[in-house]
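Visitor: Shown below is the structure under consideration.
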Amino acid sequence: MSRSRQSSIGRVAAEPEPIALDWSSTALVIIDMQRDFMEPGGFGETLGNDVSQLARAIKPIAAVLDAARAMGMLVVHTREGHLPDLSDAPPAKVERGAPSKRIGDPGPMGRILIRGEAGHDIIPALYPLNSEIVIDKPGKGAFYATELGDILQNYGIENLLVCGVTTEVCVNTTVREANDRGYRCVVLADGCASYFPEFHEMGLKMIKAQGGIFGWVSDSAAVLKAMASETSKSLAAGASR
């Protein structure tokens with residue numbers, strides 16, 4: 001279902017240069033903030049990763065999520081995971097990692113990375129509202145084998161604020177997919193994280209390199225400042241009527 005909103009432009013400080021965003025055609029996309037990746041006992045930890053590295057992204061995302069909800073912005077959450085019979089999971093993906101700790105195997109939060117299991121769900125701090133869109137994806141990118149493209153088109157979306165985990169994998173893949181489809185992507189540096197800090201840094205550099213080859217990199221403070229400016233203008237306009 002499409003929606004009609006009055007155009008409102010916000011200027012966001014970003015690299016390689018500031019970007020003007022029409023908030024009425026902008027969506028917040030939160031990538032894979034799932035218990036399987038974020039919490040002890042989940043898929044991320046079974047691969048030998050320090051899951052505490054990802055926690056730093058939670059507060060910045062929560063702040064932007066609250067502001068997006070207040071503005072009535074379209075919010076999309078994604079979850080990576082597979083059907084219980086693993087029919088949508090390629091063998092090459094399932095077979096990596098240590099035996100007994102692979103996708104579909106039992107874990108402390110249910111079968112690892114399986115839809116419907118506790119570990120597959122989004123962490124409580126960023127849990128979606130009933131009105132928000134949740135995309136279940138079988139791959140790294142949010143557009144692959146999902147309805148995301150159709151949804152964004154139906155809502156008239158042209159710009160994406162992207163955050164989530166991990167920076168170099170699912171965030172980077174989604175931004176590259178979006179760029180190929182003509183979306184302007186602004187990635188929130190402090191709203192993304194990686195198990196490997198150096199991968200986080202390089203993942204962001206790849207996005208903004210060569211004049212923004214895949215998109216822009218900003219942070220939660222800059223986006224919140226631009227959002228607050230728009231809210232102030234809206235309140236002033238309402239008061240003058």
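Letters for chains follow the order of the structure tokens (A, B, ...), residue numbers begin at 1 for each chain, and ligand numbers begin at 1 in the order shown.
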So that I can check the surroundings of Ala189 in chain A, please list as number ranges by chain every protein, DNA and RNA residue that reaches within 7 Å of it, counting only C-alpha atoms and ignoring chain neighbours fewer than 2 positions away.

Guide: A: 187, 191-192, 217-219

Visitor: Quick one: residues within 10 Å of Ala68 in chain A, only C-alpha atoms counted, chain neighbours fewer than 4 positions away excluded, as a list in words?

Guide: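 Near Ala68 in chain A, the qualifying residues are Trp23, Thr26, Ala27, Leu28, Ala62, Ala63, Val64, Gly72, Met73, Leu74, Val75, Leu224 and Met227 of chain A.
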
Visitor: Which residues of range 3-74 of chain A come within 9 Å of range 208-214 of chain A, and what is each one's closest atom pair and distance in Å (one decimal), counting only C-alpha atoms, sorted by chain and residue number, as a tab-separated table?

Guide:
residue	atom	partner	partner_atom	distance
A:Glu15	CA	A:Lys208	CA	6.4
A:Pro16	CA	A:Gly211	CA	5.8
A:Glu17	CA	A:Gly211	CA	8.1

Visitor: I'd like to know which residues of range 50-144 of chain A are alpha helix (DSSP H) (by DSSP, run on the backbone); could you write them as a list of chain:residue names?

Guide: A:Ile58, A:Lys59, A:Pro60, A:Ile61, A:Ala62, A:Ala63, A:Val64, A:Leu65, A:Asp66, A:Ala67, A:Ala68, A:Arg69, A:Ala70, A:Met71, A:Pro91, A:Ala92, A:Lys93, A:Val94

Visitor: Those same residues - C-alpha atoms - I'd like them written as a CSV table (one decimal), in the first residue's frame.

Guide:
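Result file selection_6.csv:
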chain,number,residue,atom,x,y,z
A,58,ILE,CA,22.2,-0.7,20.1
A,59,LYS,CA,21.8,2.8,21.7
A,60,PRO,CA,22.5,4.8,18.5
A,61,ILE,CA,20.0,2.6,16.6
A,62,ALA,CA,17.4,3.0,19.4
A,63,ALA,CA,17.7,6.8,19.3
A,64,VAL,CA,17.2,7.0,15.6
A,65,LEU,CA,14.4,4.5,15.7
A,66,ASP,CA,12.5,6.5,18.3
A,67,ALA,CA,12.9,9.7,16.1
A,68,ALA,CA,11.8,7.8,13.0
A,69,ARG,CA,8.7,6.6,14.7
A,70,ALA,CA,7.9,10.1,16.0
A,71,MET,CA,8.2,11.4,12.4
A,91,PRO,CA,24.8,-26.4,1.3
A,92,ALA,CA,27.9,-24.2,1.0
A,93,LYS,CA,26.4,-21.9,3.7
A,94,VAL,CA,25.2,-24.7,6.0

Visitor: For Asn49 in chain A, list every protein, DNA or RNA residue within 7 Å, evaluated using only C-alpha atoms, and leave out those in the same chain fewer than 3 positions away; present the list as a PyMOL selection string.

Guide: chain A and resi 44-45+195

Visitor: Can you write just those residues out, N, CA, C and O atoms, as a JSON list (two decimals), in the first residue's frame?

Guide:
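Output below, filename part.json:
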[["chain", "number", "residue", "atom", "x", "y", "z"],
["A", 44, "GLY", "N", 26.38, -16.26, 16.12],
["A", 44, "GLY", "CA", 27.63, -15.50, 16.07],
["A", 44, "GLY", "C", 28.67, -16.04, 17.02],
["A", 44, "GLY", "O", 29.85, -16.16, 16.65],
["A", 45, "GLU", "N", 28.26, -16.38, 18.22],
["A", 45, "GLU", "CA", 29.22, -16.89, 19.19],
["A", 45, "GLU", "C", 29.69, -18.30, 18.83],
["A", 45, "GLU", "O", 30.85, -18.66, 19.09],
["A", 195, "TYR", "N", 32.03, -7.94, 14.51],
["A", 195, "TYR", "CA", 32.82, -8.70, 15.49],
["A", 195, "TYR", "C", 34.29, -8.29, 15.41],
["A", 195, "TYR", "O", 35.05, -8.51, 16.34]]

Visitor: Work out how far CA of Asp88 in chain A is from CA of Ser100 in chain A, in Å to one decimal.

Guide: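 So the answer is 19.4 Å.
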
Visitor: Compile a residue-level contact table for range 21-83 of chain A against range 106-122 of chain A at a cut-off of 8 Å, reporting for every qualifying residue the shortest atom pair and its distance in Å to one decimal, with only C-alpha atoms counted, rows ordered by chain and ascending number, as a tab-separated table.

Guide:
residue	atom	partner	partner_atom	distance
A:Asp32	CA	A:Ile122	CA	7.3
A:Met33	CA	A:Ile122	CA	5.5
A:Gln34	CA	A:Ile122	CA	4.1
A:Arg35	CA	A:Gly119	CA	4.8
A:Asp36	CA	A:Gly119	CA	4.5
A:Gly41	CA	A:Pro108	CA	5.6
A:Gly42	CA	A:Gly119	CA	6.4
A:Phe43	CA	A:Ile112	CA	5.9
A:Arg79	CA	A:His120	CA	7.1
A:Glu80	CA	A:Leu113	CA	7.2
A:Gly81	CA	A:Leu113	CA	4.8
A:His82	CA	A:Ile114	CA	4.9
A:Leu83	CA	A:Arg115	CA	5.9

Visitor: Just write the chosen residues, all heavy atoms, as an mmCIF file, in the first residue's frame.

Guide:
data_model
loop_
_atom_site.group_PDB
_atom_site.id
_atom_site.type_symbol
_atom_site.label_atom_id
_atom_site.label_comp_id
_atom_site.auth_asym_id
_atom_site.auth_seq_id
_atom_site.Cartn_x
_atom_site.Cartn_y
_atom_site.Cartn_z
ATOM 1 N N ASP A 32 19.237 -7.030 10.764
ATOM 2 C CA ASP A 32 19.626 -8.246 11.479
ATOM 3 C C ASP A 32 20.055 -8.070 12.939
ATOM 4 O O ASP A 32 21.011 -8.710 13.398
ATOM 5 C CB ASP A 32 20.755 -8.953 10.728
ATOM 6 C CG ASP A 32 20.345 -9.414 9.346
ATOM 7 O OD1 ASP A 32 19.185 -9.185 8.965
ATOM 8 O OD2 ASP A 32 21.188 -10.002 8.644
ATOM 9 N N MET A 33 19.345 -7.214 13.669
ATOM 10 C CA MET A 33 19.654 -7.074 15.099
ATOM 11 C C MET A 33 18.966 -8.211 15.869
ATOM 12 O O MET A 33 18.076 -8.004 16.692
ATOM 13 C CB MET A 33 19.210 -5.702 15.585
ATOM 14 C CG MET A 33 19.962 -4.555 14.931
ATOM 15 S SD MET A 33 21.744 -4.540 15.293
ATOM 16 C CE MET A 33 21.712 -3.960 16.994
ATOM 17 N N GLN A 34 19.452 -9.407 15.609
ATOM 18 C CA GLN A 34 18.827 -10.636 16.100
ATOM 19 C C GLN A 34 19.597 -11.237 17.267
ATOM 20 O O GLN A 34 20.813 -11.071 17.388
ATOM 21 C CB GLN A 34 18.775 -11.669 14.966
ATOM 22 C CG GLN A 34 17.965 -11.244 13.764
ATOM 23 C CD GLN A 34 18.283 -12.102 12.550
ATOM 24 O OE1 GLN A 34 18.830 -11.608 11.564
ATOM 25 N NE2 GLN A 34 17.936 -13.383 12.599
ATOM 26 N N ARG A 35 18.887 -11.982 18.074
ATOM 27 C CA ARG A 35 19.515 -12.617 19.230
ATOM 28 C C ARG A 35 20.603 -13.601 18.799
ATOM 29 O O ARG A 35 21.615 -13.740 19.479
ATOM 30 C CB ARG A 35 18.445 -13.314 20.071
ATOM 31 C CG ARG A 35 17.414 -12.353 20.656
ATOM 32 C CD ARG A 35 16.413 -13.092 21.514
ATOM 33 N NE ARG A 35 17.060 -13.668 22.694
ATOM 34 C CZ ARG A 35 16.524 -14.622 23.448
ATOM 35 N NH1 ARG A 35 15.339 -15.111 23.149
ATOM 36 N NH2 ARG A 35 17.177 -15.077 24.497
ATOM 37 N N ASP A 36 20.428 -14.279 17.683
ATOM 38 C CA ASP A 36 21.435 -15.224 17.213
ATOM 39 C C ASP A 36 22.774 -14.560 16.922
ATOM 40 O O ASP A 36 23.821 -15.208 17.004
ATOM 41 C CB ASP A 36 20.944 -15.941 15.943
ATOM 42 C CG ASP A 36 20.457 -17.356 16.205
ATOM 43 O OD1 ASP A 36 20.933 -17.979 17.175
ATOM 44 O OD2 ASP A 36 19.606 -17.846 15.443
ATOM 45 N N GLY A 41 25.540 -17.511 23.066
ATOM 46 C CA GLY A 41 24.846 -18.753 22.745
ATOM 47 C C GLY A 41 24.255 -18.794 21.359
ATOM 48 O O GLY A 41 23.800 -19.849 20.918
ATOM 49 N N GLY A 42 24.262 -17.662 20.675
ATOM 50 C CA GLY A 42 23.690 -17.604 19.340
ATOM 51 C C GLY A 42 24.691 -18.011 18.266
ATOM 52 O O GLY A 42 25.820 -18.430 18.546
ATOM 53 N N PHE A 43 24.259 -17.871 17.029
ATOM 54 C CA PHE A 43 25.066 -18.295 15.885
ATOM 55 C C PHE A 43 26.402 -17.566 15.834
ATOM 56 O O PHE A 43 27.446 -18.170 15.560
ATOM 57 C CB PHE A 43 24.284 -18.066 14.589
ATOM 58 C CG PHE A 43 24.973 -18.556 13.355
ATOM 59 C CD1 PHE A 43 25.435 -19.855 13.268
ATOM 60 C CD2 PHE A 43 25.137 -17.729 12.259
ATOM 61 C CE1 PHE A 43 26.063 -20.320 12.122
ATOM 62 C CE2 PHE A 43 25.761 -18.174 11.101
ATOM 63 C CZ PHE A 43 26.223 -19.477 11.035
ATOM 64 N N ARG A 79 15.626 -9.853 9.228
ATOM 65 C CA ARG A 79 16.137 -10.987 9.992
ATOM 66 C C ARG A 79 16.695 -12.015 9.008
ATOM 67 O O ARG A 79 15.979 -12.451 8.094
ATOM 68 C CB ARG A 79 15.027 -11.657 10.813
ATOM 69 C CG ARG A 79 14.365 -10.750 11.825
ATOM 70 C CD ARG A 79 13.334 -11.477 12.669
ATOM 71 N NE ARG A 79 12.202 -11.956 11.875
ATOM 72 C CZ ARG A 79 11.017 -12.287 12.386
ATOM 73 N NH1 ARG A 79 10.812 -12.208 13.703
ATOM 74 N NH2 ARG A 79 10.039 -12.719 11.607
ATOM 75 N N GLU A 80 17.940 -12.396 9.201
ATOM 76 C CA GLU A 80 18.496 -13.466 8.380
ATOM 77 C C GLU A 80 18.164 -14.803 9.031
ATOM 78 O O GLU A 80 18.345 -14.990 10.233
ATOM 79 C CB GLU A 80 20.012 -13.344 8.237
ATOM 80 C CG GLU A 80 20.604 -14.430 7.355
ATOM 81 C CD GLU A 80 22.110 -14.367 7.230
ATOM 82 O OE1 GLU A 80 22.719 -13.388 7.710
ATOM 83 O OE2 GLU A 80 22.686 -15.315 6.660
ATOM 84 N N GLY A 81 17.673 -15.745 8.240
ATOM 85 C CA GLY A 81 17.350 -17.058 8.779
ATOM 86 C C GLY A 81 16.727 -17.933 7.715
ATOM 87 O O GLY A 81 16.454 -17.481 6.595
ATOM 88 N N HIS A 82 16.459 -19.168 8.095
ATOM 89 C CA HIS A 82 16.034 -20.156 7.103
ATOM 90 C C HIS A 82 14.809 -20.939 7.555
ATOM 91 O O HIS A 82 14.470 -20.987 8.744
ATOM 92 C CB HIS A 82 17.194 -21.102 6.820
ATOM 93 C CG HIS A 82 18.363 -20.394 6.209
ATOM 94 N ND1 HIS A 82 18.419 -20.069 4.882
ATOM 95 C CD2 HIS A 82 19.499 -19.897 6.773
ATOM 96 C CE1 HIS A 82 19.544 -19.417 4.647
ATOM 97 N NE2 HIS A 82 20.212 -19.297 5.765
ATOM 98 N N LEU A 83 14.155 -21.544 6.578
ATOM 99 C CA LEU A 83 13.015 -22.403 6.854
ATOM 100 C C LEU A 83 13.469 -23.616 7.659
ATOM 101 O O LEU A 83 14.618 -24.062 7.539
ATOM 102 C CB LEU A 83 12.375 -22.853 5.545
ATOM 103 C CG LEU A 83 11.827 -21.725 4.650
ATOM 104 C CD1 LEU A 83 11.412 -22.290 3.296
ATOM 105 C CD2 LEU A 83 10.659 -21.036 5.328
#

Visitor: Mind the document's chain letters and residue numbers, and return as number ranges by chain the residues of range 17-164 of chain A that DSSP labels strand (DSSP E).

Guide: A: 19-22, 26-31, 74-80, 106-107, 110-111, 133-137, 159-164

Visitor: Report, in Å with one decimal, the straight-line distance from CA of Ser52 in chain A to CA of Val169 in chain A.

Guide: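 Value for the CA of Ser52 in chain A-CA of Val169 in chain A distance: 17.3 Å.
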
Visitor: I'd like to know which of A:Gly182, A:Gly139, A:Pro99, A:Gly203 is closest to Leu160 in chain A, using only C-alpha atoms.

Guide: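 Of the candidates, the smallest distance to Leu160 in chain A is held by A:Gly182.
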
Visitor: Do you know which residues are at most 7 Å from Ala13 in chain A counting only C-alpha atoms, after dropping those on the same chain fewer than 3 positions away, and could you put them as a PDB file with N, CA and C atoms, in the first residue's frame?

Guide:
ATOM      1  N   PRO A  18      27.836  16.314   2.581  1.00  0.00           N
ATOM      2  CA  PRO A  18      26.469  16.351   3.132  1.00  0.00           C
ATOM      3  C   PRO A  18      25.450  15.931   2.086  1.00  0.00           C
ATOM      4  N   ILE A  19      24.329  15.432   2.564  1.00  0.00           N
ATOM      5  CA  ILE A  19      23.283  14.977   1.654  1.00  0.00           C
ATOM      6  C   ILE A  19      21.937  15.512   2.112  1.00  0.00           C
ATOM      7  N   SER A 218      27.224   8.567   7.666  1.00  0.00           N
ATOM      8  CA  SER A 218      26.947   9.605   8.650  1.00  0.00           C
ATOM      9  C   SER A 218      26.963   8.950  10.031  1.00  0.00           C
ATOM     10  N   ALA A 222      24.248  13.202  13.720  1.00  0.00           N
ATOM     11  CA  ALA A 222      23.960  14.044  12.559  1.00  0.00           C
ATOM     12  C   ALA A 222      22.550  13.819  12.037  1.00  0.00           C
TER      13      ALA A 222
END

Visitor: Taking only C-alpha atoms into account, which of A:Gly156, A:Met206, A:Lys225, A:Val162 comes nearest Ser7 in chain A?

Guide: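 Ranking A:Gly156, A:Met206, A:Lys225, A:Val162 by distance to Ser7 in chain A, first place goes to A:Gly156.
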